[in-house]
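Everything below concerns the one structure shown next.
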Amino acid sequence: MLEKNRILYEDNHLIVVNKRVGELVQGDETGDRTLADDVKEYLKVTYNKPGNVYLGIPHRLDRPTSGIVVYAKTEKALIRLNEMFRGSGVKKVYWAIVDKRPIKESSALIHYIVRNSETNKSIAYSVEKKGSKIAKLDYTLLASSDNYHLLEINLHTGRHHQIRAQLAAIGLHIKGDLKYGAARSNKDGGICLHARSITFIHPVKKTELKIIAPPPSDNLWSCFLGKVEE
């Protein structure tokens with residue numbers, strides 16, 4: 001069952017969870033147990049809910065990433081969250097550990113992304129291509145170690161593998177991300193991309209919510225967290 005210390009926010013309408021590397025946000029062809037299954041079990045046991053527990057999923061995170069996942073506990077909340085995630089009503093900030101220091105310490109990136117469904121991979125181009133979708137983000141270099149660098153990324157569009165593809169297009173590879181050019185995998189099979197914070201207007205209460213997720217508790221993430229908090 002879901003551990004309470006992974007719950008970042010909860011009320012009658014929402015539950016926000018810190019996803020671990022390797023967890024599925026919702027079911028796929030593997031049939032593996034999902035984070036949604038764990039959240040439903042938590043709600044069922046904690047609140048003695050009979051029958052099936054409602055849980056809406058307004059957005060997703062890739063399986064190898066970690067960080068914030070928002071779930072809706074009511075259909076009303078889900079409908080409104082869906083609208084916000086489809087539009088520009090949600091501010092999403094990610095942290096990424098990359099293998100090279102970017103040429104510019106901060107920059108805005110605009111690419112045109114083409115998704116290949118067969119390989120489950122996206123390629124970011126500098127010019128528009130047939131079937132492409134525009135992708136926008138900006139990044140800032142937060143800290144560096146001997147071999148790696150921590151970027152903070154503001155995501156302005158929500159394309160398939162957008163951060164991974166856009167960083168690869170400028171020669172930066174997320175640690176562990178073999179699919180997009182990293183030299184080696186991580187021991188846990190994940191990649192060092194973390195959904196760090198999310199800001200949006202509560203779908204029912206209409207107040208602003210900003211939620212922050214601690215990064216995974218390994219040595220490299222802990223090192224960078226210490227540098228950022230200095």
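To be explicit about the labels: the chains of the structure tokens are called A, B, and onward in the order shown, and within each one the residues are counted from 1, while ligands get numbers from 1 in the order they are shown.
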
Q. In segment 124-160 of chain A, what's strand (DSSP E or B) per DSSP? Answer as a ChimeraX atom specification?
A. /A:124-125,133-144,149-155

Dump as a PDB file, in the first residue's frame, selection limited to C-alpha atoms:
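As written to disk, out-v4.pdb reads:
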ATOM      1  CA  ALA A 124      13.338  17.237 -31.775  1.00  0.00           C
ATOM      2  CA  TYR A 125      14.105  19.240 -34.913  1.00  0.00           C
ATOM      3  CA  LYS A 133       4.374  19.530 -32.943  1.00  0.00           C
ATOM      4  CA  ILE A 134       6.009  22.619 -31.492  1.00  0.00           C
ATOM      5  CA  ALA A 135       7.778  22.086 -28.157  1.00  0.00           C
ATOM      6  CA  LYS A 136       8.882  24.851 -25.804  1.00  0.00           C
ATOM      7  CA  LEU A 137      10.827  24.870 -22.543  1.00  0.00           C
ATOM      8  CA  ASP A 138      13.391  26.969 -20.751  1.00  0.00           C
ATOM      9  CA  TYR A 139      16.165  25.753 -18.498  1.00  0.00           C
ATOM     10  CA  THR A 140      18.568  27.134 -15.901  1.00  0.00           C
ATOM     11  CA  LEU A 141      21.773  25.532 -14.632  1.00  0.00           C
ATOM     12  CA  LEU A 142      21.365  25.164 -10.860  1.00  0.00           C
ATOM     13  CA  ALA A 143      24.514  23.307  -9.789  1.00  0.00           C
ATOM     14  CA  SER A 144      27.447  21.219 -11.007  1.00  0.00           C
ATOM     15  CA  HIS A 149      25.068  19.093 -13.911  1.00  0.00           C
ATOM     16  CA  LEU A 150      21.633  19.876 -12.483  1.00  0.00           C
ATOM     17  CA  LEU A 151      19.164  21.763 -14.673  1.00  0.00           C
ATOM     18  CA  GLU A 152      15.833  23.271 -13.640  1.00  0.00           C
ATOM     19  CA  ILE A 153      13.360  23.119 -16.512  1.00  0.00           C
ATOM     20  CA  ASN A 154      10.125  25.032 -16.992  1.00  0.00           C
ATOM     21  CA  LEU A 155       7.923  23.095 -19.360  1.00  0.00           C
TER      22      LEU A 155
END

Q: Identify, on the basis of only C-alpha atoms, every residue whose closest approach to Leu209 of chain A does not exceed 9 Å; exclude the query and any residue fewer than 5 positions from it along the same chain; express the result as number ranges by chain.
A: A: 198-202

Q: Just the residues within 10 Å of Asp38 of chain A, please, counting only C-alpha atoms, with nothing from its chain fewer than 6 positions along; format it as a list in words.
A: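 Contacts, with the query itself left out: Met1, Leu2, Glu3 and Lys44 of chain A.
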
(Q) Set the distance at 6 Å and use only C-alpha atoms: which residues neighbour segment 11-27 of chain A once local chain neighbours fewer than 5 positions away are removed? I'd like the list as an MDAnalysis selection string. (A) chainID A and resid 6 34:36 63:74 190

Q. Using only C-alpha atoms, which of the listed residues (A:Pro50, A:Pro215, A:Pro58, A:Gly189) sits closest to Arg86 of chain A?
A. A:Pro58
